[in-house]
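> Input file: upload.cif. Contents: mmCIF, C-alpha atoms.
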```
data_start
#
loop_
_atom_site.label_atom_id
_atom_site.label_comp_id
_atom_site.auth_asym_id
_atom_site.auth_seq_id
_atom_site.Cartn_x
_atom_site.Cartn_y
_atom_site.Cartn_z
CA MET L 28 245.43 14.20 93.82
CA LYS L 29 246.15 12.91 97.30
CA PRO L 30 247.98 15.09 99.78
CA VAL L 31 251.24 13.19 100.13
CA LYS L 32 254.27 15.25 101.22
CA ARG L 33 256.94 12.69 100.98
CA PRO L 34 260.47 13.39 99.81
CA ALA L 35 261.44 12.17 96.36
CA VAL L 36 264.79 12.38 94.62
CA VAL L 37 264.42 13.72 91.07
CA LEU L 38 267.28 13.37 88.58
CA LEU L 39 267.57 16.72 86.87
CA SER L 40 269.89 17.16 83.91
CA GLY L 41 268.65 20.56 82.88
CA GLY L 42 267.16 19.21 79.69
CA LEU L 43 263.56 19.22 78.55
CA ASP L 44 262.65 15.75 79.80
CA SER L 45 263.95 16.00 83.35
CA ALA L 46 262.44 19.49 83.80
CA THR L 47 259.08 17.96 82.90
CA VAL L 48 259.66 15.16 85.39
CA LEU L 49 260.42 17.64 88.17
CA ALA L 50 257.13 19.42 87.42
CA ILE L 51 255.29 16.08 87.49
CA ALA L 52 256.82 15.10 90.85
CA ARG L 53 255.90 18.50 92.29
CA GLY L 54 252.39 18.12 90.88
CA GLN L 55 252.11 14.84 92.75
CA GLN L 56 252.88 16.73 95.98
CA PHE L 57 256.31 15.29 96.56
CA THR L 58 258.92 17.36 98.37
CA THR L 59 261.50 17.28 95.61
CA LEU L 60 265.21 16.71 96.12
CA ALA L 61 266.69 17.57 92.73
CA LEU L 62 269.95 15.85 91.83
CA SER L 63 272.23 16.88 88.99
CA VAL L 64 275.37 14.95 88.19
CA ASN L 65 278.47 16.39 86.60
CA TYR L 66 280.11 13.39 84.97
CA GLY L 67 282.26 15.33 82.55
CA GLN L 68 279.60 15.81 79.88
CA ARG L 69 280.54 18.38 77.30
CA HIS L 70 277.31 20.26 77.67
CA ARG L 71 278.08 21.90 81.00
CA ALA L 72 275.50 24.52 80.09
CA GLU L 73 272.99 21.85 81.14
CA LEU L 74 274.11 22.14 84.76
CA ASP L 75 273.45 25.89 84.74
CA ALA L 76 270.07 25.15 83.23
CA ALA L 77 269.40 22.58 85.96
CA GLN L 78 270.02 25.23 88.60
CA ARG L 79 267.57 27.65 86.95
CA VAL L 80 264.94 24.95 86.50
CA ALA L 81 265.25 23.71 90.10
CA THR L 82 264.65 27.23 91.38
CA ALA L 83 261.83 28.03 88.96
CA LEU L 84 259.96 24.81 89.68
CA GLY L 85 260.35 25.08 93.44
CA ALA L 86 262.62 22.14 94.20
CA HIS L 87 263.04 21.83 97.94
CA GLU L 88 266.76 21.26 97.49
CA HIS L 89 269.18 20.97 94.57
CA ARG L 90 272.52 19.20 94.73
CA ILE L 91 275.18 18.68 92.12
CA MET L 92 277.32 15.59 92.56
CA SER L 93 280.53 15.25 90.60
CA VAL L 94 281.94 12.05 89.22
CA ASP L 95 285.38 11.92 87.68
CA LEU L 96 285.27 8.96 85.34
CA ALA L 97 289.08 9.17 84.99
CA GLY L 98 288.94 9.30 81.26
CA ILE L 99 287.24 5.98 80.58
CA GLY L 100 285.93 7.56 77.40
CA GLY L 101 283.88 5.66 74.88
CA SER L 102 281.28 8.38 74.37
CA ALA L 103 281.09 11.49 72.25
CA LEU L 104 279.43 13.22 75.21
CA THR L 105 282.47 12.90 77.48
CA ASP L 106 285.37 12.27 75.11
CA GLU L 107 286.53 15.37 73.28
CA ARG L 108 288.25 13.31 70.62
CA LEU L 109 284.92 11.96 69.38
CA ALA L 110 282.66 14.20 67.29
CA VAL L 111 278.98 14.62 68.10
CA PRO L 112 277.13 13.27 65.05
CA GLU L 113 274.86 15.67 63.19
CA SER L 114 273.00 13.14 61.09
CA PRO L 115 270.82 10.24 62.29
CA SER L 116 272.67 6.94 62.71
CA SER L 117 271.30 3.43 63.02
CA GLY L 118 271.77 1.39 66.21
CA ILE L 119 272.99 2.74 69.52
CA PRO L 120 274.65 6.11 68.92
CA ILE L 121 278.11 7.26 69.90
CA THR L 122 276.58 9.77 72.33
CA TYR L 123 275.72 6.80 74.56
CA VAL L 124 277.68 7.04 77.84
CA PRO L 125 278.67 3.63 79.27
CA ALA L 126 276.41 2.66 82.16
CA ARG L 127 275.25 6.26 82.61
CA ASN L 128 271.75 5.66 83.93
CA THR L 129 273.00 2.93 86.25
CA LEU L 130 275.43 5.44 87.71
CA LEU L 131 272.85 8.25 87.93
CA LEU L 132 270.32 5.98 89.63
CA ALA L 133 272.96 4.64 92.02
CA LEU L 134 273.70 8.21 93.13
CA ALA L 135 270.00 8.97 93.43
CA LEU L 136 269.49 5.82 95.47
CA GLY L 137 272.30 6.81 97.83
CA TRP L 138 270.74 10.21 98.48
CA ALA L 139 267.26 8.70 98.73
CA GLU L 140 268.37 6.24 101.36
CA ALA L 141 270.27 8.88 103.36
CA ALA L 142 267.26 11.25 103.19
CA GLY L 143 264.67 8.60 104.00
CA ALA L 144 263.02 8.88 100.56
CA VAL L 145 261.69 5.80 98.80
CA ASP L 146 260.67 7.51 95.56
CA ILE L 147 263.07 8.32 92.73
CA PHE L 148 262.05 10.09 89.52
CA VAL L 149 263.97 9.78 86.26
CA GLY L 150 263.18 11.19 82.83
CA VAL L 151 264.01 8.20 80.67
CA ASN L 152 262.00 7.71 77.55
CA ALA L 153 261.63 4.53 75.52
CA ILE L 154 260.12 6.15 72.42
CA ASP L 155 262.23 9.12 71.33
CA TYR L 156 265.11 7.61 73.24
CA SER L 157 267.91 7.72 70.69
CA GLY L 158 268.42 3.96 71.08
CA TYR L 159 269.98 3.97 74.56
CA PRO L 160 269.61 0.55 76.24
CA ASP L 161 269.29 2.03 79.72
CA CYS L 162 266.11 3.89 78.80
CA ARG L 163 264.01 0.76 78.43
CA PRO L 164 261.23 -0.27 80.86
CA GLN L 165 263.00 -3.56 81.66
CA PHE L 166 266.07 -1.60 82.76
CA ILE L 167 263.97 0.50 85.14
CA ALA L 168 262.29 -2.63 86.53
CA ALA L 169 265.68 -4.28 87.05
CA PHE L 170 267.00 -1.25 88.92
CA GLU L 171 263.93 -1.23 91.16
CA SER L 172 264.64 -4.85 92.09
CA LEU L 173 268.27 -4.03 92.69
CA ALA L 174 267.40 -1.10 94.97
CA GLN L 175 265.43 -3.43 97.17
CA LEU L 176 268.46 -5.67 97.67
CA ALA L 177 271.12 -2.95 97.67
CA THR L 178 270.03 -0.89 100.62
CA LYS L 179 269.70 -1.04 104.35
CA ALA L 180 266.20 0.38 104.04
CA GLY L 181 265.31 -2.22 101.41
CA ALA L 182 266.66 -5.03 103.59
CA GLU L 183 264.44 -3.72 106.35
CA GLY L 184 261.33 -3.86 104.15
CA THR L 185 261.16 -0.47 102.39
CA ARG L 186 259.81 -0.74 98.84
CA TYR L 187 261.68 1.60 96.52
CA LYS L 188 259.82 3.00 93.55
CA ILE L 189 261.58 4.26 90.42
CA HIS L 190 259.14 6.59 88.66
CA ALA L 191 259.70 6.98 84.94
CA PRO L 192 256.61 8.99 83.99
CA LEU L 193 257.84 9.83 80.48
CA ILE L 194 258.78 6.33 79.49
CA HIS L 195 255.88 5.78 77.10
CA LEU L 196 255.34 9.38 75.98
CA SER L 197 256.36 10.91 72.67
CA LYS L 198 258.40 14.12 72.76
CA ALA L 199 255.26 16.05 71.77
CA GLU L 200 253.29 14.52 74.64
CA ILE L 201 256.10 15.35 77.07
CA ILE L 202 256.08 18.97 75.91
CA ARG L 203 252.30 19.22 76.22
CA THR L 204 252.42 17.71 79.74
CA GLY L 205 255.13 20.08 80.88
CA SER L 206 253.49 23.12 79.33
CA GLU L 207 250.27 22.38 81.23
CA LEU L 208 252.33 22.16 84.45
CA GLY L 209 253.95 25.53 83.75
CA VAL L 210 257.42 24.45 82.69
CA ASP L 211 259.28 27.25 80.90
CA TYR L 212 261.23 25.28 78.31
CA ALA L 213 263.28 28.33 77.37
CA MET L 214 265.24 27.60 80.56
CA THR L 215 266.15 24.07 79.51
CA VAL L 216 269.09 22.94 77.41
CA SER L 217 268.92 19.69 75.43
CA CYS L 218 271.66 20.25 72.86
CA TYR L 219 274.57 17.79 72.94
CA GLN L 220 276.97 20.60 72.02
CA ALA L 221 275.37 23.69 73.54
CA SER L 222 277.51 26.83 73.84
CA ALA L 223 278.67 27.97 77.27
CA GLU L 224 275.68 30.36 77.26
CA GLY L 225 273.31 27.45 76.64
CA LEU L 226 272.61 28.21 72.97
CA ALA L 227 271.59 25.12 70.98
CA CYS L 228 273.24 23.98 67.75
CA GLY L 229 269.96 22.97 66.12
CA ARG L 230 271.66 20.11 64.28
CA CYS L 231 272.46 17.23 66.69
CA ASP L 232 270.10 14.30 67.36
CA SER L 233 268.87 15.87 70.56
CA CYS L 234 268.10 19.26 68.94
CA ARG L 235 266.35 17.49 66.09
CA LEU L 236 264.07 15.45 68.38
CA ARG L 237 263.30 18.51 70.48
CA ALA L 238 262.36 20.76 67.54
CA LEU L 239 260.19 18.02 66.09
CA GLY L 240 258.46 17.65 69.45
CA PHE L 241 257.46 21.30 69.61
CA ALA L 242 256.27 21.16 66.02
CA GLU L 243 254.15 18.08 66.67
CA ALA L 244 252.77 19.49 69.91
CA GLY L 245 251.78 22.67 68.09
CA ILE L 246 253.58 24.74 70.71
CA PRO L 247 256.01 27.53 69.73
CA ASP L 248 259.61 26.39 70.18
CA PRO L 249 261.27 28.71 72.77
CA THR L 250 264.70 27.16 72.32
CA ARG L 251 267.54 29.67 72.11
CA TYR L 252 269.51 28.65 69.04
CA ALA L 253 273.04 29.78 68.26
CA MET J 6 294.06 -23.16 84.44
CA LYS J 7 292.97 -22.18 80.97
CA PRO J 8 294.96 -19.58 79.08
CA VAL J 9 292.43 -16.79 78.84
CA LYS J 10 293.89 -13.29 78.48
CA ARG J 11 290.76 -11.27 78.67
CA PRO J 12 290.48 -7.92 80.41
CA ALA J 13 288.62 -7.79 83.71
CA VAL J 14 287.81 -4.80 85.89
CA VAL J 15 288.73 -5.45 89.53
CA LEU J 16 287.41 -3.18 92.27
CA LEU J 17 290.35 -2.48 94.54
CA SER J 18 289.84 -0.63 97.81
CA GLY J 19 293.28 -1.27 99.21
CA GLY J 20 291.91 -3.53 101.92
CA LEU J 21 292.62 -7.18 102.57
CA ASP J 22 289.65 -8.58 100.66
CA SER J 23 290.05 -6.71 97.38
CA ALA J 24 293.81 -7.35 97.31
CA THR J 25 293.01 -11.05 97.51
CA VAL J 26 290.49 -10.68 94.69
CA LEU J 27 293.07 -8.98 92.47
CA ALA J 28 295.44 -11.90 93.07
CA ILE J 29 292.65 -14.36 92.23
CA ALA J 30 291.80 -12.54 88.97
CA ARG J 31 295.48 -12.49 88.00
CA GLY J 32 295.74 -16.18 88.87
CA GLN J 33 292.86 -16.81 86.45
CA GLN J 34 294.92 -15.18 83.70
CA PHE J 35 292.85 -12.04 83.34
CA THR J 36 294.46 -8.80 82.27
CA THR J 37 293.44 -6.79 85.30
CA LEU J 38 292.09 -3.25 85.19
CA ALA J 39 292.14 -2.21 88.83
CA LEU J 40 289.61 0.43 89.86
CA SER J 41 289.70 2.38 93.10
CA VAL J 42 287.03 4.88 93.98
CA ASN J 43 287.48 7.92 96.17
CA TYR J 44 284.01 8.59 97.51
CA GLY J 45 285.06 10.66 100.49
CA GLN J 46 285.77 7.77 102.82
CA ARG J 47 287.71 8.80 105.87
CA HIS J 48 290.33 6.14 105.40
CA ARG J 49 292.18 7.77 102.50
CA ALA J 50 295.17 5.67 103.48
CA GLU J 51 293.31 2.87 101.68
CA LEU J 52 293.82 4.59 98.34
CA ASP J 53 297.58 4.75 98.89
CA ALA J 54 297.44 1.08 99.81
CA ALA J 55 295.47 0.34 96.62
CA GLN J 56 298.23 1.93 94.57
CA ARG J 57 300.90 -0.20 96.24
CA VAL J 58 298.85 -3.38 95.90
CA ALA J 59 298.06 -2.75 92.22
CA THR J 60 301.75 -2.39 91.47
CA ALA J 61 302.85 -5.34 93.62
CA LEU J 62 300.28 -7.69 92.12
CA GLY J 63 300.94 -6.65 88.54
CA ALA J 64 297.67 -4.94 87.62
CA HIS J 65 297.77 -3.99 83.94
CA GLU J 66 296.30 -0.59 84.78
CA HIS J 67 295.10 1.21 87.91
CA ARG J 68 292.65 4.09 87.89
CA ILE J 69 291.18 6.12 90.70
CA MET J 70 287.77 7.62 90.06
CA SER J 71 286.43 10.31 92.36
CA VAL J 72 282.84 10.77 93.38
CA ASP J 73 281.72 13.81 95.31
CA LEU J 74 278.58 12.69 97.08
CA ALA J 75 277.85 16.36 97.95
CA GLY J 76 277.54 15.62 101.61
CA ILE J 77 274.63 13.19 101.51
CA GLY J 78 276.02 11.75 104.73
CA GLY J 79 274.34 8.96 106.63
CA SER J 80 277.51 6.96 107.22
CA ALA J 81 280.29 7.08 109.79
CA LEU J 82 282.71 6.33 106.95
CA THR J 83 282.00 9.56 105.08
CA ASP J 84 280.41 11.84 107.66
CA GLU J 85 282.91 13.32 110.09
CA ARG J 86 280.17 14.12 112.57
CA LEU J 87 279.49 10.41 113.15
CA ALA J 88 281.92 8.37 115.26
CA VAL J 89 283.26 5.04 114.06
CA PRO J 90 281.96 2.49 116.58
CA GLU J 91 284.56 0.48 118.49
CA SER J 92 282.28 -2.18 119.92
CA PRO J 93 280.13 -4.69 118.00
CA SER J 94 276.59 -3.54 117.30
CA SER J 95 273.55 -5.53 116.22
CA GLY J 96 271.89 -5.00 112.84
CA ILE J 97 273.36 -3.00 109.97
CA PRO J 98 276.17 -0.79 111.33
CA ILE J 99 276.59 2.97 111.01
CA THR J 100 279.67 2.40 108.81
CA TYR J 101 277.30 1.31 106.02
CA VAL J 102 277.50 3.79 103.09
CA PRO J 103 274.16 4.26 101.29
CA ALA J 104 274.14 2.34 98.00
CA ARG J 105 277.94 2.05 98.00
CA ASN J 106 278.34 -1.23 96.18
CA THR J 107 275.72 -0.23 93.61
CA LEU J 108 277.76 2.87 92.90
CA LEU J 109 281.10 1.01 92.81
CA LEU J 110 279.72 -1.63 90.45
CA ALA J 111 278.13 1.04 88.22
CA LEU J 112 281.54 2.68 87.82
CA ALA J 113 283.18 -0.69 87.18
CA LEU J 114 280.52 -1.50 84.61
CA GLY J 115 281.13 1.77 82.81
CA TRP J 116 284.85 1.11 82.53
CA ALA J 117 284.24 -2.53 81.58
CA GLU J 118 281.95 -1.54 78.76
CA ALA J 119 284.31 1.17 77.49
CA ALA J 120 287.27 -1.26 77.64
CA GLY J 121 285.42 -4.17 76.07
CA ALA J 122 285.61 -6.26 79.26
CA VAL J 123 282.72 -8.48 80.34
CA ASP J 124 284.19 -9.65 83.66
CA ILE J 125 284.05 -7.63 86.86
CA PHE J 126 285.58 -8.76 90.15
CA VAL J 127 284.43 -7.50 93.53
CA GLY J 128 285.52 -8.52 97.02
CA VAL J 129 282.15 -8.68 98.74
CA ASN J 130 281.75 -11.25 101.44
CA ALA J 131 278.52 -12.58 102.88
CA ILE J 132 280.00 -14.22 105.97
CA ASP J 133 282.22 -11.74 107.79
CA TYR J 134 280.35 -8.96 106.07
CA SER J 135 279.50 -6.66 108.95
CA GLY J 136 275.83 -6.91 108.00
CA TYR J 137 275.92 -4.81 104.81
CA PRO J 138 272.92 -5.63 102.56
CA ASP J 139 274.89 -5.06 99.35
CA CYS J 140 277.30 -7.88 100.14
CA ARG J 141 274.70 -10.64 99.72
CA PRO J 142 274.67 -13.13 96.83
CA GLN J 143 271.20 -11.99 95.75
CA PHE J 144 272.50 -8.43 95.37
CA ILE J 145 275.33 -9.62 93.12
CA ALA J 146 272.88 -11.67 91.03
CA ALA J 147 270.57 -8.68 90.69
CA PHE J 148 273.42 -6.45 89.53
CA GLU J 149 274.46 -9.03 86.95
CA SER J 150 270.92 -8.99 85.54
CA LEU J 151 270.93 -5.20 85.55
CA ALA J 152 274.26 -5.05 83.69
CA GLN J 153 272.75 -7.08 80.91
CA LEU J 154 269.96 -4.55 80.46
CA ALA J 155 271.96 -1.41 81.23
CA THR J 156 274.58 -1.55 78.53
CA LYS J 157 275.01 -1.30 74.81
CA ALA J 158 277.16 -4.45 74.90
CA GLY J 159 274.51 -6.27 76.93
CA ALA J 160 271.77 -5.18 74.52
CA GLU J 161 273.92 -6.59 71.74
CA GLY J 162 274.20 -9.98 73.46
CA THR J 163 277.27 -9.74 75.73
CA ARG J 164 276.87 -11.67 78.98
CA TYR J 165 278.39 -9.74 81.87
CA LYS J 166 279.77 -11.73 84.76
CA ILE J 167 280.18 -10.29 88.25
CA HIS J 168 282.76 -12.45 90.03
CA ALA J 169 282.54 -12.40 93.83
CA PRO J 170 285.06 -15.12 94.67
CA LEU J 171 285.13 -14.34 98.39
CA ILE J 172 281.42 -14.33 98.92
CA HIS J 173 281.23 -17.62 100.80
CA LEU J 174 284.69 -17.59 102.41
CA SER J 175 285.50 -16.82 106.03
CA LYS J 176 288.13 -14.17 106.73
CA ALA J 177 290.59 -16.95 107.61
CA GLU J 178 289.93 -18.70 104.28
CA ILE J 179 290.42 -15.41 102.40
CA ILE J 180 293.75 -14.88 104.13
CA ARG J 181 294.91 -18.42 103.37
CA THR J 182 293.90 -18.05 99.72
CA GLY J 183 295.70 -14.75 99.31
CA SER J 184 298.79 -15.95 101.13
CA GLU J 185 299.07 -18.90 98.73
CA LEU J 186 298.82 -16.44 95.83
CA GLY J 187 301.59 -14.30 97.26
CA VAL J 188 299.60 -11.33 98.57
CA ASP J 189 301.64 -9.26 101.01
CA TYR J 190 298.95 -8.20 103.48
CA ALA J 191 301.31 -5.75 105.18
CA MET J 192 300.55 -3.50 102.20
CA THR J 193 296.81 -3.52 102.76
CA VAL J 194 294.76 -1.26 105.02
CA SER J 195 291.42 -2.44 106.38
CA CYS J 196 290.98 -0.09 109.34
CA TYR J 197 287.96 2.23 109.25
CA GLN J 198 290.00 4.95 110.91
CA ALA J 199 293.55 4.31 109.74
CA SER J 200 296.12 7.07 110.23
CA ALA J 201 297.43 9.00 107.23
CA GLU J 202 300.40 6.62 107.23
CA GLY J 203 298.07 3.61 107.04
CA LEU J 204 298.47 2.50 110.66
CA ALA J 205 295.47 0.56 111.98
CA CYS J 206 293.55 1.40 115.15
CA GLY J 207 293.12 -2.24 116.15
CA ARG J 208 289.74 -1.49 117.70
CA CYS J 209 287.10 -0.95 114.98
CA ASP J 210 284.91 -3.75 113.56
CA SER J 211 287.12 -4.06 110.52
CA CYS J 212 290.35 -4.38 112.54
CA ARG J 213 288.67 -6.88 114.84
CA LEU J 214 287.56 -9.14 111.96
CA ARG J 215 290.94 -8.91 110.29
CA ALA J 216 292.94 -9.81 113.41
CA LEU J 217 290.62 -12.72 114.12
CA GLY J 218 291.08 -13.91 110.52
CA PHE J 219 294.85 -14.08 110.84
CA ALA J 220 294.53 -15.87 114.19
CA GLU J 221 292.13 -18.45 112.77
CA ALA J 222 294.25 -18.94 109.65
CA GLY J 223 297.28 -19.56 111.81
CA ILE J 224 299.20 -16.94 109.85
CA PRO J 225 301.21 -14.18 111.58
CA ASP J 226 299.34 -10.86 111.41
CA PRO J 227 301.54 -8.37 109.48
CA THR J 228 299.17 -5.44 110.10
CA ARG J 229 300.92 -2.23 111.09
CA TYR J 230 299.08 -1.04 114.18
CA ALA J 231 299.28 2.49 115.58
#
```
Render the structure in this file as structure tokens.


Amino acid sequence: MKPVKRPAVVLLSGGLDSATVLAIARGQQFTTLALSVNYGQRHRAELDAAQRVATALGAHEHRIMSVDLAGIGGSALTDERLAVPESPSSGIPITYVPARNTLLLALALGWAEAAGAVDIFVGVNAIDYSGYPDCRPQFIAAFESLAQLATKAGAEGTRYKIHAPLIHLSKAEIIRTGSELGVDYAMTVSCYQASAEGLACGRCDSCRLRALGFAEAGIPDPTRYA
Amino acid sequence: MKPVKRPAVVLLSGGLDSATVLAIARGQQFTTLALSVNYGQRHRAELDAAQRVATALGAHEHRIMSVDLAGIGGSALTDERLAVPESPSSGIPITYVPARNTLLLALALGWAEAAGAVDIFVGVNAIDYSGYPDCRPQFIAAFESLAQLATKAGAEGTRYKIHAPLIHLSKAEIIRTGSELGVDYAMTVSCYQASAEGLACGRCDSCRLRALGFAEAGIPDPTRYA
């Protein structure tokens, strides 16, 4: 492990994946700038979790940016009129938020450029990814190209790097990786309809994938269920 | 002119360029969804202008989304500690906002996808562009590619189109185009440090370019100066 000490912006939702990514970035000796985004998701408990995780994993700084999408709707995660599904569906699920990762990465890029960071970490995953289009490797590659053209730093020659270290890992592999790096997954909230206290429903897609991951990894599931 | 009647999201700042773009989109028979974004810019008068312009030019809908960048700073347009320059500078100016157009287009893309629109209009300009990297044609092309990969609709085969009809026009050509389409530029605010009432300073880069544009177009300048 080489002794870098460069700043990196790490997108931190408060869920299992992004907590693992923060631990990975720290393990690679980056000074981590953790970024959480409140875009009106129902599971606000995630933001509280993000705060706990940022502190526990020694993020250098943690910021929460808010985006008011002015009710554009179209997702069960932001639109209260749509129910979160509790059984697996085929195709891209209704919990998909339009252009979410594009928005999250745009905010991360803005902070990165202002802070002089060229590294951005994001916990997207192309395997247990629930079918979201903006979790695919080609999306990440396209955003990296865009970042080069979008920024003053890029125009001046800086090469931005979007790190997606989980992209080819299974949920079980993610959990094993994070456990080795000391992540306390009891702090994280993955549930799409967590209670205000962060208790998981145990029934939504996200809970299902998470529980299966712990089972496959052979690691006791610390999730606090309702 | 073919009789389309498709929805299109139009980014509308309230300035001269985006007002012209809204008129162009309307002229092309799109049902226009005008989107203004409050990202903490100093010139809030622009948002009031956007509201007036949306109404005057018959936008089907006008929404204002808010983004709290949590003080990432780095730009004279959002950071009150930095002065807006009043003389031309070389290189990319301090009024550049990190990753701004990436963020604006991400929000537009989200609304477009939720509304079933595949057309997005943006008033970037590569000639009188003040040196911003995210106003170049290659940036627009890169975002169009990204949109394809970023969205559920794109993954299902929809071809997004980012229209940048001003990109190769001079300020004078933009003003002539808009004037022919009936844009009342007295409603628009371009000044980087406009007063709360929307009065222009007449001294910043943006005011300078605008005044020159009217002079070159041979059209009386209706700007309300302080």

> Taking the file as shown, find all residues satisfying the PyMOL selection byres ((chain L) within 7 of (chain J)) and write them as a PyMOL selection string.

chain L and resi 90-97+99-101+119+125-126+129-130+133-134+136-138+140-141+160-161+166+169-170+173+176-179+182

> Atom CA of Ala81 of chain L and atom CA of Gly205 of chain L, how far apart in Å?

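Result for atom CA of Gly205 of chain L versus atom CA of Ala81 of chain L: 14.2 Å, one decimal.
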
> Pick out the residues sitting within 10 Å of segment 54-56 of chain J, and hand them over as a PyMOL selection string; count all atoms listed in the file, and ignore anything fewer than 2 positions along from it in its own chain.

chain J and resi 16-21+23-24+39-42+49-52+58-61+64+67-69+191-195+202-203

> Step by step, work through what the PyMOL selection byres ((chain J and resi 218) around 9) selects in the shown file, and finish by giving those residues as a ChimeraX atom specification.

/J:175-180,213-217,219-224,226

> Can you find the residues with an atom no farther than 7 Å from (280.8, -13.7, 96.0), counting all atoms listed in the file, and report them as a ChimeraX atom specification?

/J:129-130,142,168-173

> Atom CA of Val14 of chain J and atom CA of Gly128 of chain J, how far apart in Å?

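Here the two named atoms are 12.0 Å from each other.
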
> Padding 3 Å on every side, please: axis-aligned box over the listed atoms of segment 29-47 of chain L, centre and edge lengths to one decimal in Å, as lines of an AutoDock Vina configuration file.


```
center_x = 258.0
center_y = 16.4
center_z = 89.9
size_x = 29.7
size_y = 14.4
size_z = 28.7
```

> Just the number, please: distance in Å from atom CA of Leu49 of chain L to atom CA of Cys218 of chain L, one decimal.

19.2 Å
